[in-house]
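Step one of this worksheet: look at the structure below.
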Number of protein chains: 2
Amino acid sequence: MGSPLEHTLTDAVLARIEGNADPRFRQIMTSLIRHLHAFVRETELTEAEWFAGIQFLTATGQKCDDKRQEYILLSDTLGVSMLVDAINHRKPGSATETTVLGPFYVPGSKHLPMWADIAAGLPGVPAYVHGRVLDVDGKPIVGAELDVWQNDAEGFYDVQRPGASYARGKFTTDAEGRFGFRTIRPVSYPIPTDGPVGKMLLGMGRHPYRPAHVHTKVSAPGYEPIITHLFVQGDPYLGSDAVFGVKDSLVVEFVAHSAGPTPDGGNSTVPFHTAQYDFRLVKMR
Amino acid sequence: MGSPLEHTLTDAVLARIEGNADPRFRQIMTSLIRHLHAFVRETELTEAEWFAGIQFLTATGQKCDDKRQEYILLSDTLGVSMLVDAINHRKPGSATETTVLGPFYVPGSKHLPMWADIAAGLPGVPAYVHGRVLDVDGKPIVGAELDVWQNDAEGFYDVQRPGASYARGKFTTDAEGRFGFRTIRPVSYPIPTDGPVGKMLLGMGRHPYRPAHVHTKVSAPGYEPIITHLFVQGDPYLGSDAVFGVKDSLVVEFVAHSAGPTPDGGNSTVPFHTAQYDFRLVKMR
């Protein structure tokens, strides 16, 4: 059934890639064309569905600007970002697992001293996050850098509010590989749903929420840098993260404390949380 | 090799599509996610390549406006448009074959009398295109409508030139199923190469040319309408159309004539071409 072209077209398209094309580009385009055609054949896409696809892809591109990357959101919500992450960061079992960078990273955060408060002035539950940076044998790494960022108690990152700058900072491990900073407990929040990706999630019957987390980039000379999150244990969205970023090993208990002594040697007049995590880095190959 | 997530992620993403999603949307997204993930696994896409892909898709969306549809161009140049066409227009062997609509169709062209000149005032080689509209048994269809459009002698469609309107028209078949119109011989031309799709073609070592053709939409009450081209026999790009639109049955000889009598009963003082083609439509099912 069907015209001969229906069955010969894929090979005809592949034959058109010249032998002198860059071998890696050729390999990528060959795989892409094969899968794209297989998708069309498998679904027997109607012309109206094809056009809806064209409109979706166009609208997704047009939703992007210097603050919004709807295509990364699409990649995240279809599990593609986490798959790319998994393939590119195959590590020994003892190393800290990685997860998505997300769209809210901003390079150039300020270096801050141990126990500085990255959320000074923000409403929210005070939290003290601390631990060590170790190698895979458990040896402390001195002078490792932690770049951390997170949202506020209403679920927004600073870059989502015009002109705002908060809840970001860089910390350096001490002679025993220790780091510590003060913040507020992050909250779960919906990824932006006012664009094409939001409509797609709705169509699939999916919610847009991510479980609460603190983003971290950890690096040290001679070690492979990692991009990961610390997730808040008990969050209702841990089992259904809209971007599939959760790994069990990254879920951390935020322990509730009454007012009293805090890990930085101070004293809190209000209840607070503490969270402890040791990162483990792999030597650069 | 690789983390467990690398192998379980596709099923985790698919499991998230709710049972209450529209069944067809579910089917399409399931196939899309499977193939997208298979593509990433097969190529072991690096993070830099993934990001280059994000940038390409974004730029393709942002190149689109009310006159330019870069995503249709992408679909065309990857053979996806022709595949969708083939799947949606499986016809008996005697019916006229279909091909891509292309980005230059404009609805609402004027109805013109037989032998009207759609290219009046345009430089180029005069051409008389004529034939019949028949059913698959060869019986003439009276009152069938031909909507035709083509480029000028420099390779541009009117919509590519601000404010211009030319080389389009609608014709109706007479009591014997005949149509005829005057035009200029179309020329081969490059699809737009100033956008992301142009760069992609270059990377694959492909040229951007389409062989010369006249676009036609043919419809008649009670018959399935068709969208097709008449290609000019002898064109150097017939074997390598940038959008894979050529089918042998759509290649027509443009016969060269010296100055003298023309098919419309007139007389030409300059050399001209004639092309003859009978369209065959299938009864509406």
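Chains: A, B, ... in order of the structure tokens. Residues: from 1 per chain. Ligands: from 1, in order shown.
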
Which residues of chain B sit at most 6 Å from chain A, using only C-alpha atoms? Give each one's shortest atom pair and distance in Å (one decimal place), in chain and ascending residue order, as CSV.
```
residue,atom,partner,partner_atom,distance
B:Gly2,CA,A:Arg90,CA,5.1
B:Glu6,CA,A:Ala86,CA,5.5
B:Ile17,CA,A:Met204,CA,5.1
B:Glu18,CA,A:Gly205,CA,5.1
B:Ala21,CA,A:Met204,CA,5.3
B:His35,CA,A:His35,CA,5.5
B:Thr58,CA,A:Gly61,CA,4.3
B:Gly61,CA,A:Gly61,CA,4.1
B:Gln62,CA,A:Gln62,CA,5.3
B:Leu83,CA,A:Glu6,CA,6.0
B:Ala86,CA,A:Glu6,CA,5.5
B:Arg90,CA,A:Gly2,CA,5.1
B:Met204,CA,A:Ile17,CA,5.1
B:Gly205,CA,A:Glu18,CA,5.1
```

Matching every Cα in sequence order between the two identical chains, what are the coordinates of chain B once fitted onto chain A? Write them as a compact mmCIF listing (two decimals) with C-alpha atoms, in the first residue's frame.
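Result file is superposed24.txt:
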```
# COMPACT_ATOMS: atom_id res chain seq x y z
CA MET B 1 0.06 0.00 0.06
CA GLY B 2 1.13 3.53 -0.74
CA SER B 3 3.29 5.04 -3.46
CA PRO B 4 6.84 3.81 -4.10
CA LEU B 5 8.10 7.22 -2.92
CA GLU B 6 6.63 6.58 0.52
CA HIS B 7 9.09 3.71 0.89
CA THR B 8 12.15 5.10 -0.91
CA LEU B 9 12.13 8.70 0.31
CA THR B 10 14.23 8.21 3.45
CA ASP B 11 17.09 6.65 1.49
CA ALA B 12 16.77 9.38 -1.16
CA VAL B 13 17.16 12.07 1.53
CA LEU B 14 20.09 10.28 3.18
CA ALA B 15 21.83 9.81 -0.18
CA ARG B 16 21.84 13.59 -0.59
CA ILE B 17 24.24 14.14 2.33
CA GLU B 18 27.60 14.54 0.63
CA GLY B 19 30.58 12.42 1.56
CA ASN B 20 32.56 15.58 2.20
CA ALA B 21 30.20 16.77 4.96
CA ASP B 22 31.72 16.75 8.46
CA PRO B 23 31.52 13.06 9.55
CA ARG B 24 29.94 13.83 12.93
CA PHE B 25 27.35 16.18 11.39
CA ARG B 26 26.60 13.50 8.82
CA GLN B 27 26.13 10.92 11.57
CA ILE B 28 23.80 13.17 13.56
CA MET B 29 21.70 14.21 10.53
CA THR B 30 21.45 10.60 9.33
CA SER B 31 20.09 9.43 12.68
CA LEU B 32 17.78 12.47 12.92
CA ILE B 33 16.31 11.99 9.43
CA ARG B 34 15.79 8.24 9.99
CA HIS B 35 13.93 8.80 13.26
CA LEU B 36 11.93 11.77 11.99
CA HIS B 37 10.73 9.76 8.99
CA ALA B 38 10.02 6.70 11.16
CA PHE B 39 7.91 8.92 13.45
CA VAL B 40 5.87 10.22 10.49
CA ARG B 41 5.35 6.70 9.09
CA GLU B 42 4.49 5.18 12.46
CA THR B 43 1.87 7.81 13.27
CA GLU B 44 0.71 8.30 9.65
CA LEU B 45 0.66 12.00 10.50
CA THR B 46 -2.21 13.84 8.77
CA GLU B 47 -1.57 17.13 6.98
CA ALA B 48 -3.47 19.01 9.70
CA GLU B 49 -1.33 17.36 12.41
CA TRP B 50 1.84 18.15 10.46
CA PHE B 51 0.79 21.79 10.28
CA ALA B 52 -0.07 21.86 14.00
CA GLY B 53 3.50 20.60 14.55
CA ILE B 54 4.93 23.37 12.34
CA GLN B 55 2.93 25.94 14.31
CA PHE B 56 4.05 24.48 17.66
CA LEU B 57 7.75 24.54 16.71
CA THR B 58 7.43 28.09 15.36
CA ALA B 59 5.64 29.36 18.48
CA THR B 60 8.22 27.66 20.73
CA GLY B 61 11.04 29.51 18.94
CA GLN B 62 9.17 32.79 19.07
CA LYS B 63 8.56 32.46 22.83
CA CYS B 64 12.35 32.57 23.41
CA ASP B 65 14.10 35.79 24.39
CA ASP B 66 17.12 36.78 26.49
CA LYS B 67 15.35 35.61 29.66
CA ARG B 68 13.24 32.72 28.43
CA GLN B 69 14.37 29.56 26.62
CA GLU B 70 11.23 27.66 25.66
CA TYR B 71 13.20 25.06 23.65
CA ILE B 72 15.25 24.09 26.73
CA LEU B 73 11.94 23.80 28.56
CA LEU B 74 10.67 21.53 25.78
CA SER B 75 13.83 19.41 25.98
CA ASP B 76 13.51 19.27 29.78
CA THR B 77 9.83 18.26 29.81
CA LEU B 78 10.33 15.52 27.20
CA GLY B 79 13.16 13.99 29.24
CA VAL B 80 15.74 14.82 26.55
CA SER B 81 17.87 17.04 28.81
CA MET B 82 18.17 14.35 31.49
CA LEU B 83 19.02 11.75 28.86
CA VAL B 84 21.81 13.94 27.46
CA ASP B 85 23.00 14.50 31.04
CA ALA B 86 22.99 10.75 31.79
CA ILE B 87 24.92 9.91 28.62
CA ASN B 88 27.52 12.62 29.19
CA HIS B 89 28.10 11.98 32.89
CA ARG B 90 28.60 8.27 33.32
CA LYS B 91 30.38 8.14 36.66
CA PRO B 92 31.40 5.52 39.20
CA GLY B 93 28.65 4.69 41.71
CA SER B 94 30.32 6.59 44.56
CA ALA B 95 30.39 9.94 42.70
CA THR B 96 27.64 12.51 43.21
CA GLU B 97 24.98 12.16 40.52
CA THR B 98 24.22 15.03 38.17
CA THR B 99 20.97 16.60 37.04
CA VAL B 100 19.73 19.42 34.77
CA LEU B 101 21.25 22.90 34.83
CA GLY B 102 17.83 24.48 34.33
CA PRO B 103 17.15 27.85 32.72
CA PHE B 104 17.91 30.06 35.74
CA TYR B 105 21.68 29.72 36.11
CA VAL B 106 23.55 33.04 35.97
CA PRO B 107 27.35 33.01 35.71
CA GLY B 108 29.48 35.39 37.77
CA SER B 109 27.90 35.08 41.23
CA LYS B 110 29.80 36.74 44.10
CA HIS B 111 32.28 34.82 46.24
CA LEU B 112 30.98 34.75 49.81
CA PRO B 113 32.51 33.72 53.14
CA MET B 114 31.37 30.54 54.92
CA TRP B 115 27.88 30.83 56.44
CA ALA B 116 26.99 33.96 54.50
CA ASP B 117 23.22 34.32 53.98
CA ILE B 118 22.36 34.21 50.26
CA ALA B 119 18.70 34.91 51.05
CA ALA B 120 19.18 37.90 53.38
CA GLY B 121 15.99 39.92 53.57
CA LEU B 122 13.81 37.30 51.84
CA PRO B 123 10.78 35.91 53.66
CA GLY B 124 10.89 32.15 54.20
CA VAL B 125 12.02 29.42 56.58
CA PRO B 126 15.72 29.94 57.49
CA ALA B 127 17.90 27.01 56.43
CA TYR B 128 21.55 26.14 57.00
CA VAL B 129 23.03 23.96 54.27
CA HIS B 130 26.42 22.43 54.91
CA GLY B 131 28.69 19.47 54.23
CA ARG B 132 31.96 18.59 52.55
CA VAL B 133 33.40 18.18 49.09
CA LEU B 134 35.24 14.85 48.87
CA ASP B 135 36.91 12.71 46.26
CA VAL B 136 35.44 9.27 45.52
CA ASP B 137 37.66 7.75 48.22
CA GLY B 138 36.25 10.11 50.83
CA LYS B 139 39.31 12.39 50.99
CA PRO B 140 38.40 16.08 51.53
CA ILE B 141 39.01 18.49 48.64
CA VAL B 142 40.37 21.82 49.86
CA GLY B 143 39.46 24.97 47.89
CA ALA B 144 36.60 23.40 45.92
CA GLU B 145 34.06 25.93 44.67
CA LEU B 146 30.28 25.62 45.16
CA ASP B 147 28.12 27.86 43.00
CA VAL B 148 24.58 27.74 44.43
CA TRP B 149 21.24 29.23 43.38
CA GLN B 150 17.60 28.68 44.27
CA ASN B 151 14.13 30.22 44.27
CA ASP B 152 12.36 32.39 46.85
CA ALA B 153 9.44 31.40 49.10
CA GLU B 154 6.95 32.31 46.33
CA GLY B 155 8.67 29.96 43.87
CA PHE B 156 10.44 32.57 41.73
CA TYR B 157 14.09 32.88 40.80
CA ASP B 158 15.48 36.43 40.89
CA VAL B 159 15.81 36.53 37.09
CA GLN B 160 12.05 36.03 36.82
CA ARG B 161 11.52 39.37 38.58
CA PRO B 162 12.68 42.47 36.68
CA GLY B 163 15.88 43.92 38.18
CA ALA B 164 16.01 41.52 41.14
CA SER B 165 19.17 39.71 42.30
CA TYR B 166 19.08 37.25 45.20
CA ALA B 167 19.62 33.68 46.42
CA ARG B 168 22.90 33.07 44.57
CA GLY B 169 26.50 32.81 45.71
CA LYS B 170 29.84 31.03 45.46
CA PHE B 171 31.47 29.30 48.43
CA THR B 172 34.90 27.73 48.84
CA THR B 173 35.69 24.66 50.94
CA ASP B 174 38.06 25.05 53.91
CA ALA B 175 41.09 22.98 54.92
CA GLU B 176 38.80 20.06 55.83
CA GLY B 177 36.77 20.28 52.63
CA ARG B 178 33.85 21.91 54.46
CA PHE B 179 31.31 24.39 53.12
CA GLY B 180 28.30 26.04 54.71
CA PHE B 181 25.80 28.72 53.79
CA ARG B 182 22.60 30.18 55.08
CA THR B 183 19.49 30.49 52.91
CA ILE B 184 15.74 29.85 53.07
CA ARG B 185 14.20 26.47 52.39
CA PRO B 186 13.43 26.32 48.64
CA VAL B 187 9.86 25.59 47.56
CA SER B 188 8.29 23.53 44.76
CA TYR B 189 7.10 25.65 41.82
CA PRO B 190 5.57 25.38 38.35
CA ILE B 191 7.77 25.79 35.27
CA PRO B 192 6.41 28.60 33.04
CA THR B 193 3.08 27.47 31.54
CA ASP B 194 2.13 30.52 29.49
CA GLY B 195 3.87 29.20 26.35
CA PRO B 196 3.56 26.30 23.89
CA VAL B 197 5.29 23.85 26.28
CA GLY B 198 2.69 24.58 28.97
CA LYS B 199 -0.08 23.73 26.48
CA MET B 200 1.73 20.53 25.51
CA LEU B 201 1.96 19.43 29.18
CA LEU B 202 -1.74 20.15 29.62
CA GLY B 203 -2.52 18.06 26.52
CA MET B 204 -0.58 15.15 28.01
CA GLY B 205 -2.45 15.50 31.32
CA ARG B 206 0.77 16.47 33.12
CA HIS B 207 1.28 19.03 35.90
CA PRO B 208 4.10 21.60 35.54
CA TYR B 209 5.61 21.35 39.04
CA ARG B 210 9.20 20.77 40.08
CA PRO B 211 9.98 19.59 43.63
CA ALA B 212 11.87 22.08 45.84
CA HIS B 213 15.65 22.10 45.31
CA VAL B 214 18.89 24.05 45.68
CA HIS B 215 20.99 24.15 42.49
CA THR B 216 24.72 23.48 42.82
CA LYS B 217 27.68 23.57 40.49
CA VAL B 218 30.70 22.04 42.21
CA SER B 219 34.20 22.30 40.80
CA ALA B 220 37.79 21.84 41.96
CA PRO B 221 41.11 21.88 40.08
CA GLY B 222 41.90 18.39 38.77
CA TYR B 223 38.30 17.11 39.20
CA GLU B 224 35.38 16.84 36.81
CA PRO B 225 32.91 19.60 37.66
CA ILE B 226 29.32 18.57 38.39
CA ILE B 227 25.97 20.28 37.97
CA THR B 228 23.34 18.95 40.31
CA HIS B 229 20.47 19.73 42.74
CA LEU B 230 19.81 19.00 46.38
CA PHE B 231 16.11 18.09 46.61
CA VAL B 232 14.05 18.60 49.77
CA GLN B 233 12.94 15.27 51.22
CA GLY B 234 9.16 14.95 51.62
CA ASP B 235 8.30 17.26 48.72
CA PRO B 236 5.03 16.10 47.12
CA TYR B 237 6.48 16.38 43.59
CA LEU B 238 9.60 14.22 44.09
CA GLY B 239 7.88 11.37 42.22
CA SER B 240 6.62 13.49 39.34
CA ASP B 241 9.17 16.24 38.61
CA ALA B 242 8.02 17.96 35.37
CA VAL B 243 11.59 17.73 34.01
CA PHE B 244 12.50 14.24 35.33
CA GLY B 245 15.49 15.63 37.28
CA VAL B 246 15.10 13.74 40.58
CA LYS B 247 17.57 11.03 41.60
CA ASP B 248 17.18 9.32 44.99
CA SER B 249 20.79 10.05 45.95
CA LEU B 250 20.13 13.80 45.65
CA VAL B 251 17.19 13.91 48.08
CA VAL B 252 18.27 15.48 51.38
CA GLU B 253 16.44 15.77 54.68
CA PHE B 254 15.81 19.36 55.74
CA VAL B 255 15.70 18.81 59.51
CA ALA B 256 13.37 21.14 61.44
CA HIS B 257 14.74 22.79 64.61
CA SER B 258 13.16 25.01 67.25
CA ALA B 259 14.66 28.44 67.94
CA GLY B 260 18.14 28.05 69.44
CA PRO B 261 21.81 27.39 68.49
CA THR B 262 22.54 27.24 64.73
CA PRO B 263 25.32 25.37 62.86
CA ASP B 264 27.23 28.61 62.18
CA GLY B 265 27.78 29.08 65.94
CA GLY B 266 24.99 31.65 66.22
CA ASN B 267 21.54 31.54 67.75
CA SER B 268 18.18 31.75 65.99
CA THR B 269 15.17 33.40 67.60
CA VAL B 270 12.89 31.57 65.13
CA PRO B 271 12.61 27.89 64.05
CA PHE B 272 15.00 26.87 61.26
CA HIS B 273 16.08 23.89 59.13
CA THR B 274 19.43 22.25 58.55
CA ALA B 275 20.50 20.12 55.61
CA GLN B 276 23.74 18.23 55.26
CA TYR B 277 25.26 16.78 52.08
CA ASP B 278 28.72 15.59 51.02
CA PHE B 279 29.56 15.99 47.33
CA ARG B 280 31.93 13.44 45.78
CA LEU B 281 33.92 14.42 42.70
CA VAL B 282 35.74 12.23 40.19
CA LYS B 283 39.36 12.99 39.18
CA MET B 284 39.68 14.54 35.74
CA ARG B 285 40.51 11.85 33.17
```

Can you pull out every residue from region 46-258 of chain A that DSSP, working from the backbone, puts in strand (DSSP E or B), and format the result as a ChimeraX atom specification? /A:111,117,126-135,140,145-149,168-172,178-184,189-190,209-210,213-219,223,226-232,251-252,255-257

Keeping C-alpha atoms for every residue in the selection just given, could you write it to a file as an mmCIF file, in the first residue's frame?
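What ended up in part-v8.cif:
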```cif
data_model
loop_
_atom_site.group_PDB
_atom_site.id
_atom_site.type_symbol
_atom_site.label_atom_id
_atom_site.label_comp_id
_atom_site.auth_asym_id
_atom_site.auth_seq_id
_atom_site.Cartn_x
_atom_site.Cartn_y
_atom_site.Cartn_z
ATOM 1 C CA HIS A 111 32.287 34.800 46.243
ATOM 2 C CA ASP A 117 23.223 34.317 53.992
ATOM 3 C CA PRO A 126 15.703 29.942 57.478
ATOM 4 C CA ALA A 127 17.892 27.001 56.451
ATOM 5 C CA TYR A 128 21.532 26.145 57.024
ATOM 6 C CA VAL A 129 23.027 23.958 54.274
ATOM 7 C CA HIS A 130 26.437 22.440 54.924
ATOM 8 C CA GLY A 131 28.688 19.481 54.244
ATOM 9 C CA ARG A 132 31.949 18.578 52.553
ATOM 10 C CA VAL A 133 33.393 18.166 49.087
ATOM 11 C CA LEU A 134 35.237 14.849 48.875
ATOM 12 C CA ASP A 135 36.914 12.712 46.260
ATOM 13 C CA PRO A 140 38.381 16.074 51.533
ATOM 14 C CA GLU A 145 34.057 25.931 44.691
ATOM 15 C CA LEU A 146 30.282 25.619 45.179
ATOM 16 C CA ASP A 147 28.132 27.869 43.012
ATOM 17 C CA VAL A 148 24.588 27.748 44.449
ATOM 18 C CA TRP A 149 21.252 29.241 43.375
ATOM 19 C CA ARG A 168 22.918 33.083 44.575
ATOM 20 C CA GLY A 169 26.507 32.820 45.730
ATOM 21 C CA LYS A 170 29.855 31.041 45.470
ATOM 22 C CA PHE A 171 31.467 29.295 48.444
ATOM 23 C CA THR A 172 34.901 27.727 48.856
ATOM 24 C CA ARG A 178 33.839 21.909 54.478
ATOM 25 C CA PHE A 179 31.313 24.385 53.137
ATOM 26 C CA GLY A 180 28.294 26.023 54.743
ATOM 27 C CA PHE A 181 25.806 28.711 53.803
ATOM 28 C CA ARG A 182 22.604 30.185 55.090
ATOM 29 C CA THR A 183 19.498 30.499 52.931
ATOM 30 C CA ILE A 184 15.745 29.849 53.093
ATOM 31 C CA TYR A 189 7.102 25.652 41.812
ATOM 32 C CA PRO A 190 5.581 25.382 38.339
ATOM 33 C CA TYR A 209 5.621 21.352 39.040
ATOM 34 C CA ARG A 210 9.216 20.782 40.083
ATOM 35 C CA HIS A 213 15.654 22.127 45.302
ATOM 36 C CA VAL A 214 18.895 24.072 45.678
ATOM 37 C CA HIS A 215 20.992 24.155 42.492
ATOM 38 C CA THR A 216 24.719 23.496 42.830
ATOM 39 C CA LYS A 217 27.691 23.575 40.498
ATOM 40 C CA VAL A 218 30.705 22.057 42.229
ATOM 41 C CA SER A 219 34.214 22.316 40.824
ATOM 42 C CA TYR A 223 38.330 17.113 39.206
ATOM 43 C CA ILE A 226 29.339 18.585 38.389
ATOM 44 C CA ILE A 227 25.984 20.291 37.974
ATOM 45 C CA THR A 228 23.344 18.964 40.311
ATOM 46 C CA HIS A 229 20.483 19.758 42.748
ATOM 47 C CA LEU A 230 19.813 19.017 46.398
ATOM 48 C CA PHE A 231 16.124 18.107 46.618
ATOM 49 C CA VAL A 232 14.043 18.616 49.769
ATOM 50 C CA VAL A 251 17.196 13.924 48.083
ATOM 51 C CA VAL A 252 18.274 15.485 51.383
ATOM 52 C CA VAL A 255 15.706 18.814 59.501
ATOM 53 C CA ALA A 256 13.367 21.127 61.442
ATOM 54 C CA HIS A 257 14.740 22.760 64.629
#
```

Give me every helix (DSSP H, G or I) residue in region 186-276 of chain A, going by DSSP on the backbone, as a ChimeraX atom specification. /A:196-203,248-250
